[in-house]
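Trainee: What follows is data-v4.pdb, made up of PDB, C-alpha atoms:
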ATOM      1  CA  MET A   1      32.410 118.088 -81.861
ATOM      2  CA  LEU A   2      34.734 119.269 -84.614
ATOM      3  CA  LYS A   3      33.466 122.788 -84.128
ATOM      4  CA  HIS A   4      34.067 122.551 -80.383
ATOM      5  CA  ARG A   5      37.582 121.225 -80.821
ATOM      6  CA  SER A   6      38.492 123.728 -83.529
ATOM      7  CA  SER A   7      37.350 126.494 -81.200
ATOM      8  CA  GLN A   8      39.751 125.186 -78.571
ATOM      9  CA  PHE A   9      42.600 125.389 -81.048
ATOM     10  CA  LYS A  10      41.655 128.928 -82.104
ATOM     11  CA  ILE A  11      41.279 130.121 -78.517
ATOM     12  CA  GLY A  12      44.616 128.559 -77.595
ATOM     13  CA  LEU A  13      46.271 130.254 -80.575
ATOM     14  CA  ILE A  14      44.755 133.622 -79.669
ATOM     15  CA  ILE A  15      45.858 133.318 -76.025
ATOM     16  CA  SER A  16      49.376 132.321 -77.063
ATOM     17  CA  LEU A  17      49.624 135.257 -79.490
ATOM     18  CA  VAL A  18      48.299 137.677 -76.874
ATOM     19  CA  MET A  19      50.864 136.452 -74.347
ATOM     20  CA  ALA A  20      53.599 136.780 -76.953
ATOM     21  CA  GLY A  21      52.424 140.368 -77.494
ATOM     22  CA  VAL A  22      52.488 141.033 -73.742
ATOM     23  CA  ILE A  23      56.043 139.718 -73.489
ATOM     24  CA  ILE A  24      57.236 141.787 -76.454
ATOM     25  CA  ALA A  25      55.472 144.920 -75.175
ATOM     26  CA  GLY A  26      56.840 144.513 -71.659
ATOM     27  CA  ILE A  27      60.419 143.987 -72.801
ATOM     28  CA  PHE A  28      60.749 146.303 -75.804
ATOM     29  CA  LEU A  29      57.972 148.889 -75.500
ATOM     30  CA  SER A  30      57.667 149.510 -71.769
ATOM     31  CA  PRO A  31      59.263 152.795 -70.645
ATOM     32  CA  TYR A  32      60.379 151.097 -67.431
ATOM     33  CA  SER A  33      63.049 148.589 -66.554
ATOM     34  CA  SER A  34      62.251 145.606 -64.369
ATOM     35  CA  THR A  35      64.746 146.974 -61.810
ATOM     36  CA  ASP A  36      63.632 150.638 -61.835
ATOM     37  CA  MET A  37      62.433 151.677 -58.361
ATOM     38  CA  ASP A  38      60.194 154.591 -57.477
ATOM     39  CA  ALA A  39      59.546 155.167 -53.779
ATOM     40  CA  ALA A  40      56.577 157.417 -54.562
ATOM     41  CA  SER A  41      54.871 154.561 -56.447
ATOM     42  CA  LYS A  42      55.168 151.863 -53.774
ATOM     43  CA  TYR A  43      52.069 149.633 -53.738
ATOM     44  CA  ALA A  44      50.461 151.832 -56.423
ATOM     45  CA  GLY A  45      47.452 150.208 -58.017
ATOM     46  CA  PRO A  46      46.810 149.780 -61.743
ATOM     47  CA  SER A  47      46.686 153.042 -63.667
ATOM     48  CA  PHE A  48      47.446 154.454 -67.123
ATOM     49  CA  LYS A  49      51.020 155.008 -65.950
ATOM     50  CA  HIS A  50      51.444 151.486 -64.537
ATOM     51  CA  ILE A  51      48.786 149.214 -66.025
ATOM     52  CA  PHE A  52      49.532 146.366 -63.591
ATOM     53  CA  GLY A  53      50.472 148.676 -60.731
ATOM     54  CA  CYS A  54      53.718 148.705 -58.739
ATOM     55  CA  ASP A  55      55.213 146.437 -56.073
ATOM     56  CA  ASN A  56      56.722 147.156 -52.644
ATOM     57  CA  PHE A  57      59.807 148.756 -54.232
ATOM     58  CA  GLY A  58      57.846 150.831 -56.733
ATOM     59  CA  ARG A  59      58.818 148.559 -59.631
ATOM     60  CA  ASP A  60      56.450 148.276 -62.578
ATOM     61  CA  VAL A  61      54.613 144.950 -62.247
ATOM     62  CA  PHE A  62      53.761 144.745 -65.964
ATOM     63  CA  THR A  63      57.408 145.021 -67.002
ATOM     64  CA  ARG A  64      58.523 142.522 -64.378
ATOM     65  CA  ALA A  65      55.754 140.066 -65.286
ATOM     66  CA  ALA A  66      56.629 140.331 -68.984
ATOM     67  CA  GLN A  67      60.309 139.699 -68.313
ATOM     68  CA  GLY A  68      59.467 136.828 -65.960
ATOM     69  CA  ALA A  69      57.172 135.291 -68.577
ATOM     70  CA  ALA A  70      59.865 135.602 -71.248
ATOM     71  CA  ILE A  71      62.432 133.910 -69.004
ATOM     72  CA  SER A  72      60.005 131.121 -68.074
ATOM     73  CA  VAL A  73      59.073 130.501 -71.707
ATOM     74  CA  GLY A  74      62.711 130.569 -72.832
ATOM     75  CA  ILE A  75      63.844 128.162 -70.120
ATOM     76  CA  SER A  76      60.910 125.841 -70.788
ATOM     77  CA  LEU A  77      61.410 125.799 -74.566
ATOM     78  CA  ALA A  78      65.114 125.028 -74.216
ATOM     79  CA  SER A  79      64.429 122.351 -71.600
ATOM     80  CA  VAL A  80      61.698 120.682 -73.648
ATOM     81  CA  LEU A  81      63.735 120.646 -76.853
ATOM     82  CA  ALA A  82      66.779 119.171 -75.103
ATOM     83  CA  GLY A  83      64.817 116.662 -73.025
ATOM     84  CA  ALA A  84      62.611 115.627 -75.948
ATOM     85  CA  PHE A  85      65.618 115.100 -78.234
ATOM     86  CA  ILE A  86      67.446 112.909 -75.722
ATOM     87  CA  GLY A  87      64.333 111.002 -74.700
ATOM     88  CA  THR A  88      63.184 110.481 -78.295
ATOM     89  CA  VAL A  89      66.521 109.076 -79.448
ATOM     90  CA  ILE A  90      66.838 106.725 -76.458
ATOM     91  CA  GLY A  91      63.190 105.642 -76.634
ATOM     92  CA  ALA A  92      63.359 105.052 -80.388
ATOM     93  CA  LEU A  93      66.429 102.848 -80.112
ATOM     94  CA  ALA A  94      65.034 100.937 -77.134
ATOM     95  CA  GLY A  95      61.638 100.367 -78.746
ATOM     96  CA  TYR A  96      63.010  99.344 -82.137
ATOM     97  CA  PHE A  97      65.904  97.083 -81.123
ATOM     98  CA  GLY A  98      64.526  95.743 -77.821
ATOM     99  CA  GLY A  99      66.579  93.084 -76.064
ATOM    100  CA  ILE A 100      69.071  93.780 -73.281
ATOM    101  CA  PHE A 101      69.404  97.439 -74.225
ATOM    102  CA  ASP A 102      65.661  97.912 -73.875
ATOM    103  CA  GLU A 103      65.597  96.162 -70.491
ATOM    104  CA  VAL A 104      68.420  98.277 -69.084
ATOM    105  CA  ILE A 105      66.896 101.521 -70.363
ATOM    106  CA  MET A 106      63.486 100.673 -68.942
ATOM    107  CA  ARG A 107      64.841  99.757 -65.513
ATOM    108  CA  ILE A 108      66.679 103.075 -65.336
ATOM    109  CA  THR A 109      63.591 104.892 -66.575
ATOM    110  CA  ASP A 110      61.388 103.180 -63.992
ATOM    111  CA  VAL A 111      63.720 104.279 -61.207
ATOM    112  CA  LEU A 112      63.669 107.878 -62.445
ATOM    113  CA  PHE A 113      59.894 107.736 -62.835
ATOM    114  CA  SER A 114      59.538 106.796 -59.179
ATOM    115  CA  ILE A 115      60.999 110.196 -58.257
ATOM    116  CA  PRO A 116      58.817 113.260 -58.970
ATOM    117  CA  SER A 117      60.300 115.349 -61.788
ATOM    118  CA  LEU A 118      60.147 118.538 -59.735
ATOM    119  CA  LEU A 119      62.100 116.815 -56.969
ATOM    120  CA  LEU A 120      64.764 115.736 -59.467
ATOM    121  CA  ALA A 121      65.060 119.292 -60.742
ATOM    122  CA  LEU A 122      65.139 120.644 -57.200
ATOM    123  CA  LEU A 123      67.912 118.222 -56.226
ATOM    124  CA  PHE A 124      70.038 119.072 -59.256
ATOM    125  CA  VAL A 125      69.661 122.849 -58.860
ATOM    126  CA  SER A 126      70.315 122.747 -55.117
ATOM    127  CA  LEU A 127      73.521 120.755 -55.687
ATOM    128  CA  SER A 128      74.759 123.054 -58.459
ATOM    129  CA  ASP A 129      73.718 126.678 -58.835
ATOM    130  CA  SER A 130      70.695 128.709 -59.867
ATOM    131  CA  LYS A 131      72.189 129.733 -63.189
ATOM    132  CA  ILE A 132      69.786 129.562 -66.123
ATOM    133  CA  ILE A 133      71.839 126.853 -67.842
ATOM    134  CA  ASN A 134      71.676 124.667 -64.722
ATOM    135  CA  ILE A 135      67.915 125.115 -64.487
ATOM    136  CA  ILE A 136      67.578 124.107 -68.149
ATOM    137  CA  ILE A 137      69.738 121.007 -67.589
ATOM    138  CA  ALA A 138      67.748 120.084 -64.487
ATOM    139  CA  LEU A 139      64.371 120.393 -66.199
ATOM    140  CA  SER A 140      65.638 118.600 -69.312
ATOM    141  CA  LEU A 141      66.812 115.612 -67.294
ATOM    142  CA  ALA A 142      63.541 115.573 -65.370
ATOM    143  CA  ILE A 143      61.386 115.161 -68.503
ATOM    144  CA  VAL A 144      63.616 112.678 -70.358
ATOM    145  CA  PRO A 145      62.023 109.545 -68.753
ATOM    146  CA  SER A 146      58.509 110.465 -69.916
ATOM    147  CA  PHE A 147      59.669 110.877 -73.522
ATOM    148  CA  VAL A 148      61.650 107.631 -73.366
ATOM    149  CA  LYS A 149      58.577 105.676 -72.264
ATOM    150  CA  MET A 150      56.208 107.287 -74.729
ATOM    151  CA  ILE A 151      58.486 107.003 -77.779
ATOM    152  CA  ARG A 152      59.536 103.451 -76.867
ATOM    153  CA  GLN A 153      55.901 102.318 -76.778
ATOM    154  CA  GLU A 154      55.148 103.981 -80.102
ATOM    155  CA  PHE A 155      58.153 102.358 -81.775
ATOM    156  CA  LYS A 156      57.269  98.931 -80.397
ATOM    157  CA  LEU A 157      53.861  99.280 -82.062
ATOM    158  CA  HIS A 158      55.096 100.695 -85.366
ATOM    159  CA  LYS A 159      57.951  98.246 -85.919
ATOM    160  CA  GLU A 160      55.377  95.446 -86.306
ATOM    161  CA  MET A 161      53.384  97.313 -88.959
ATOM    162  CA  ASP A 162      53.356  96.377 -92.629
ATOM    163  CA  TYR A 163      55.182  99.462 -93.907
ATOM    164  CA  VAL A 164      58.167  98.708 -91.651
ATOM    165  CA  LYS A 165      58.222  95.069 -92.738
ATOM    166  CA  ALA A 166      58.110  96.231 -96.348
ATOM    167  CA  MET A 167      61.096  98.515 -95.791
ATOM    168  CA  LYS A 168      63.030  95.609 -94.297
ATOM    169  CA  LEU A 169      62.252  93.548 -97.396
ATOM    170  CA  TYR A 170      63.728  96.361 -99.474
ATOM    171  CA  LYS A 171      66.890  96.059 -97.333
ATOM    172  CA  ALA A 172      66.515  99.522 -95.801
ATOM    173  CA  GLY A 173      68.938 100.143 -92.925
ATOM    174  CA  ASP A 174      67.700 100.172 -89.340
ATOM    175  CA  PHE A 175      68.552 103.806 -88.731
ATOM    176  CA  ARG A 176      66.819 104.851 -91.947
ATOM    177  CA  ILE A 177      63.700 102.971 -90.869
ATOM    178  CA  ILE A 178      63.879 104.530 -87.384
ATOM    179  CA  PHE A 179      64.453 108.164 -88.264
ATOM    180  CA  VAL A 180      63.038 108.473 -91.793
ATOM    181  CA  HIS A 181      60.008 106.169 -91.751
ATOM    182  CA  ILE A 182      58.827 105.488 -88.180
ATOM    183  CA  LEU A 183      59.681 108.771 -86.451
ATOM    184  CA  PRO A 184      57.482 110.974 -88.719
ATOM    185  CA  ASN A 185      54.554 108.690 -87.905
ATOM    186  CA  VAL A 186      54.897 109.297 -84.158
ATOM    187  CA  PHE A 187      55.107 113.087 -84.514
ATOM    188  CA  PRO A 188      51.436 113.662 -83.542
ATOM    189  CA  THR A 189      51.901 111.846 -80.235
ATOM    190  CA  LEU A 190      55.255 113.535 -79.767
ATOM    191  CA  GLY A 191      53.673 116.923 -80.432
ATOM    192  CA  ASN A 192      51.090 116.502 -77.688
ATOM    193  CA  CYS A 193      53.798 115.410 -75.265
ATOM    194  CA  LEU A 194      55.835 118.496 -76.144
ATOM    195  CA  PHE A 195      52.957 120.752 -75.123
ATOM    196  CA  ILE A 196      52.450 118.836 -71.876
ATOM    197  CA  ALA A 197      56.169 118.902 -71.098
ATOM    198  CA  PHE A 198      56.283 122.637 -71.850
ATOM    199  CA  ASN A 199      53.529 123.319 -69.328
ATOM    200  CA  ASN A 200      55.224 121.088 -66.755
ATOM    201  CA  CYS A 201      58.492 122.976 -67.218
ATOM    202  CA  ILE A 202      56.714 126.332 -66.828
ATOM    203  CA  LEU A 203      55.227 125.139 -63.534
ATOM    204  CA  ALA A 204      58.521 123.626 -62.382
ATOM    205  CA  GLU A 205      60.467 126.813 -63.133
ATOM    206  CA  ALA A 206      57.849 128.895 -61.314
ATOM    207  CA  GLY A 207      57.981 126.476 -58.379
ATOM    208  CA  LEU A 208      61.771 126.667 -58.154
ATOM    209  CA  SER A 209      61.637 130.464 -58.245
ATOM    210  CA  PHE A 210      58.849 130.523 -55.665
ATOM    211  CA  ILE A 211      61.091 128.760 -53.130
ATOM    212  CA  GLY A 212      64.146 130.813 -54.067
ATOM    213  CA  LEU A 213      66.000 128.331 -56.285
ATOM    214  CA  GLY A 214      65.043 129.761 -59.667
ATOM    215  CA  VAL A 215      66.704 132.455 -61.747
ATOM    216  CA  ARG A 216      68.843 134.828 -59.755
ATOM    217  CA  LEU A 217      68.316 138.542 -59.217
ATOM    218  CA  PRO A 218      68.174 141.028 -60.846
ATOM    219  CA  LEU A 219      66.289 138.883 -63.380
ATOM    220  CA  SER A 220      62.557 138.721 -62.786
ATOM    221  CA  SER A 221      60.531 135.541 -62.360
ATOM    222  CA  LEU A 222      56.807 134.916 -62.069
ATOM    223  CA  GLY A 223      57.376 132.450 -59.260
ATOM    224  CA  ARG A 224      59.472 134.920 -57.269
ATOM    225  CA  MET A 225      56.928 137.675 -57.869
ATOM    226  CA  LEU A 226      54.171 135.487 -56.434
ATOM    227  CA  SER A 227      56.359 134.563 -53.461
ATOM    228  CA  GLU A 228      57.316 138.161 -52.700
ATOM    229  CA  ALA A 229      53.728 139.411 -53.074
ATOM    230  CA  ASN A 230      52.566 137.045 -50.335
ATOM    231  CA  GLY A 231      54.225 139.339 -47.799
ATOM    232  CA  TYR A 232      52.060 142.326 -48.667
ATOM    233  CA  LEU A 233      48.951 140.740 -50.164
ATOM    234  CA  SER A 234      46.520 142.937 -48.222
ATOM    235  CA  LEU A 235      48.319 146.141 -49.263
ATOM    236  CA  ALA A 236      48.752 145.356 -52.952
ATOM    237  CA  PRO A 237      46.682 142.375 -54.140
ATOM    238  CA  HIS A 238      47.399 143.364 -57.756
ATOM    239  CA  CYS A 239      51.013 142.237 -57.258
ATOM    240  CA  ILE A 240      49.858 138.636 -56.998
ATOM    241  CA  ILE A 241      46.743 138.792 -59.184
ATOM    242  CA  PHE A 242      48.369 139.973 -62.431
ATOM    243  CA  PRO A 243      51.474 137.718 -62.351
ATOM    244  CA  GLY A 244      49.135 134.848 -61.471
ATOM    245  CA  ILE A 245      46.919 135.611 -64.470
ATOM    246  CA  VAL A 246      49.975 135.798 -66.745
ATOM    247  CA  LEU A 247      51.171 132.403 -65.479
ATOM    248  CA  ILE A 248      47.731 130.835 -65.974
ATOM    249  CA  LEU A 249      47.412 132.168 -69.535
ATOM    250  CA  ILE A 250      50.903 130.959 -70.456
ATOM    251  CA  LEU A 251      49.808 127.487 -69.385
ATOM    252  CA  LEU A 252      46.328 127.677 -70.888
ATOM    253  CA  GLY A 253      47.367 128.650 -74.429
ATOM    254  CA  PRO A 254      49.569 125.624 -75.198
ATOM    255  CA  GLY A 255      47.107 123.341 -73.414
ATOM    256  CA  LEU A 256      44.255 124.378 -75.714
ATOM    257  CA  LEU A 257      46.529 124.223 -78.761
ATOM    258  CA  SER A 258      47.435 120.658 -77.882
ATOM    259  CA  GLU A 259      43.826 119.665 -77.305
ATOM    260  CA  GLY A 260      42.572 121.157 -80.548
ATOM    261  CA  GLY A 261      45.579 120.118 -82.606
ATOM    262  CA  SER A 262      45.349 116.470 -81.598
ATOM    263  CA  PHE A 263      41.710 116.391 -82.703
ATOM    264  CA  TYR A 264      42.551 117.958 -86.053
ATOM    265  CA  TYR A 265      45.162 115.299 -86.733
ATOM    266  CA  ALA A 266      42.811 112.458 -85.762
ATOM    267  CA  TYR A 267      40.072 113.910 -87.961
ATOM    268  CA  ARG A 268      42.336 114.365 -90.981
ATOM    269  CA  LYS A 269      43.845 110.908 -90.579
ATOM    270  CA  ARG A 270      40.438 109.277 -90.440
ATOM    271  CA  PHE A 271      38.529 111.223 -93.098
ATOM    272  CA  LYS A 272      41.095 112.853 -95.385
ATOM    273  CA  ASN A 273      43.606 110.074 -96.101
TER     274      ASN A 273
END
If you took the structure in this file and wrote it as structure tokens, what would it be?
Mentor:
Amino acid sequence: MLKHRSSQFKIGLIISLVMAGVIIAGIFLSPYSSTDMDAASKYAGPSFKHIFGCDNFGRDVFTRAAQGAAISVGISLASVLAGAFIGTVIGALAGYFGGIFDEVIMRITDVLFSIPSLLLALLFVSLSDSKIINIIIALSLAIVPSFVKMIRQEFKLHKEMDYVKAMKLYKAGDFRIIFVHILPNVFPTLGNCLFIAFNNCILAEAGLSFIGLGVRLPLSSLGRMLSEANGYLSLAPHCIIFPGIVLILILLGPGLLSEGGSFYYAYRKRFKN
């Protein structure tokens, strides 16, 4: 089982590194711009000149997919870091102190949980603008409730443990106990949630772009590429196949890393400590 799980981690790492290489190659090494049009190359299939082919405007699909992947990853990373920070702080305080504050936070969280995160993001973006910063804010707010619930539950469990009681006997301050002693012990759970939230943000950003509410032109987006390619699928199936593969691999890499990494931590905690 260890061998199986370690293989998952290695495969996830390889996929993530390959996708990072694709993004770097498409942005910095490609001889084409994502906006360059060539009428003679409309609907051109994969070749040595255009390894992913060209779309209905003669634009290089590889370059556009690489830029779209970079934008999706950047938006998702920023959203996850912001949402995780806010959710972790709120959840930690609610789980540790409890009382009225905990009740109020949980009622608000329950209300937000009753609304799908993609719908929350869609509502925020539609009421504001499709600027990248607004998309990041929307996705950050959408994932905050899940981090609040997860971190709150972890802190409620840890605050009853012996090491926390010992720190209280030594007159350690509450905030020192929260952020110096308990928080490092919930990092493994937090890490898995970060990977899950990252994948959810990738899908949400692609979904927003697919319906026309994602990043604005002339920036490329995997979701928009898939949406546009639907109109000429029979003429140029490569225009939907390759961006779709890129999107799947971007999701698969972190998923396998999370799966393998969580097993490694459990194994080390049980047999190494």
Trainee: Excluding same-chain residues fewer than 5 positions from A:Leu190, what lies within 12 Å of it counting only C-alpha atoms, as a PyMOL selection string?
Mentor: chain A and resi 80-81+84-85+87-88+91-92+146-155+183-185+195-197+258+262
Trainee: Just checking: using all atoms listed in the file, which residue out of A:Leu119, A:Arg224, A:Gly95, A:Ser209 ends up closest to A:His158?
Mentor: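 Of A:Leu119, A:Arg224, A:Gly95, A:Ser209, the one nearest A:His158, counting all atoms listed in the file, is A:Gly95.
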Trainee: Can you tell me which residues surround stretch 35-52 of chain A at a distance of at most 7 Å, considering only C-alpha atoms, apart from same-chain residues fewer than 3 positions away, and format the answer as a ChimeraX atom specification?
Mentor: /A:32,55-62,218,235-236,238,242
Trainee: Give the answer as one residue: which of A:Ile100, A:Ala166, A:Cys201, A:Val186 has the shortest atom-to-atom distance to A:Val144, using only C-alpha atoms?
Mentor: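 Smallest distance to A:Val144 is found for A:Cys201.
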Trainee: As an exercise, work out the distance from atom CA of A:Phe187 to atom CA of A:Leu13 in Å and give it to one decimal place.
Mentor: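 Atom-to-atom, atom CA of A:Phe187 and atom CA of A:Leu13 are spaced 19.7 Å apart.
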Trainee: Compute the distance from (67.9, 122.0, -62.8) to each atom, counting all atoms listed in the file, keep the residues with any atom at most 12 Å away, and return them as a count of residues only; use the coordinates of the file.
Mentor: 40
Trainee: Evaluate the PyMOL selection byres ((chain A and resi 249) around 12) here and jot the selected residues down as a list in words.
Mentor: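 Listing what the PyMOL selection byres ((chain A and resi 249) around 12) selects in the shown file: Ile11, Gly12, Leu13, Ile14, Ile15, Ser16, Leu17, Val18, Met19, Ala20, Val22, Ala69, Val73, Asn199, Ile202, Phe242, Pro243, Gly244, Ile245, Val246, Leu247, Ile248, Ile250, Leu251, Leu252, Gly253, Pro254, Gly255 and Leu256 of chain A.
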Trainee: Looking at only C-alpha atoms, which of A:Lys171, A:Lys159, A:Arg64, A:Arg176 is the one that sits closest to A:Ala94?
Mentor: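 Closest residue, counting only C-alpha atoms: A:Lys159.
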Trainee: Please measure the separation of atom CA of A:Phe101 and atom CA of A:Leu194, giving the value in Å to one decimal.
Mentor: 25.1 Å
Trainee: Between A:Gly173, A:Gly99, A:Gly53, A:Gly191, which residue has the minimum interatomic distance to A:Ile241, considering all atoms listed in the file?
Mentor: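 Ranked by minimum distance to A:Ile241, first place goes to A:Gly53.
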Trainee: Could you tell me how far atom CA of A:Thr189 lies from atom CA of A:Tyr170, in Å and to one decimal?
Mentor: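 Atom-to-atom, atom CA of A:Thr189 to atom CA of A:Tyr170, that is 27.4 Å.
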Trainee: Centre and edge lengths of an axis-aligned box around all listed atoms of stretch 192-200 of chain A, with 6 Å added on each side, are to be given in Å to one decimal, as lines of an AutoDock Vina configuration file.
Mentor:
center_x = 53.7
center_y = 119.4
center_z = -72.2
size_x = 17.2
size_y = 19.9
size_z = 22.9
Trainee: Working from the structure I just supplied, which lacks atoms in stretch 55-68 of chain A, can you model N, CA and C atoms there and output them as an mmCIF file, in the frame of the given file?
Mentor:
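Full text of out_23.cif as output:
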data_model
loop_
_atom_site.group_PDB
_atom_site.id
_atom_site.type_symbol
_atom_site.label_atom_id
_atom_site.label_comp_id
_atom_site.auth_asym_id
_atom_site.auth_seq_id
_atom_site.Cartn_x
_atom_site.Cartn_y
_atom_site.Cartn_z
ATOM 1 N N ASP A 55 55.013 147.310 -57.221
ATOM 2 C CA ASP A 55 55.213 146.437 -56.073
ATOM 3 C C ASP A 55 55.745 147.227 -54.874
ATOM 4 N N ASN A 56 56.269 146.520 -53.882
ATOM 5 C CA ASN A 56 56.722 147.156 -52.644
ATOM 6 C C ASN A 56 57.968 148.010 -52.824
ATOM 7 N N PHE A 57 58.658 147.904 -53.947
ATOM 8 C CA PHE A 57 59.807 148.756 -54.232
ATOM 9 C C PHE A 57 59.477 149.812 -55.291
ATOM 10 N N GLY A 58 58.228 149.886 -55.697
ATOM 11 C CA GLY A 58 57.846 150.831 -56.733
ATOM 12 C C GLY A 58 58.215 150.381 -58.133
ATOM 13 N N ARG A 59 58.474 149.084 -58.311
ATOM 14 C CA ARG A 59 58.818 148.559 -59.631
ATOM 15 C C ARG A 59 57.543 148.259 -60.418
ATOM 16 N N ASP A 60 57.608 148.483 -61.711
ATOM 17 C CA ASP A 60 56.450 148.276 -62.578
ATOM 18 C C ASP A 60 56.146 146.778 -62.711
ATOM 19 N N VAL A 61 54.978 146.370 -62.270
ATOM 20 C CA VAL A 61 54.613 144.950 -62.247
ATOM 21 C C VAL A 61 54.457 144.400 -63.665
ATOM 22 N N PHE A 62 53.931 145.203 -64.583
ATOM 23 C CA PHE A 62 53.761 144.745 -65.964
ATOM 24 C C PHE A 62 55.109 144.391 -66.588
ATOM 25 N N THR A 63 56.087 145.267 -66.431
ATOM 26 C CA THR A 63 57.408 145.021 -67.002
ATOM 27 C C THR A 63 58.057 143.792 -66.377
ATOM 28 N N ARG A 64 57.931 143.669 -65.064
ATOM 29 C CA ARG A 64 58.523 142.522 -64.378
ATOM 30 C C ARG A 64 57.827 141.224 -64.769
ATOM 31 N N ALA A 65 56.497 141.272 -64.895
ATOM 32 C CA ALA A 65 55.754 140.066 -65.286
ATOM 33 C C ALA A 65 56.106 139.656 -66.710
ATOM 34 N N ALA A 66 56.267 140.638 -67.600
ATOM 35 C CA ALA A 66 56.629 140.331 -68.984
ATOM 36 C C ALA A 66 58.018 139.709 -69.059
ATOM 37 N N GLN A 67 58.965 140.274 -68.315
ATOM 38 C CA GLN A 67 60.309 139.699 -68.313
ATOM 39 C C GLN A 67 60.293 138.302 -67.688
ATOM 40 N N GLY A 68 59.560 138.149 -66.595
ATOM 41 C CA GLY A 68 59.467 136.828 -65.960
ATOM 42 C C GLY A 68 58.841 135.799 -66.871
#
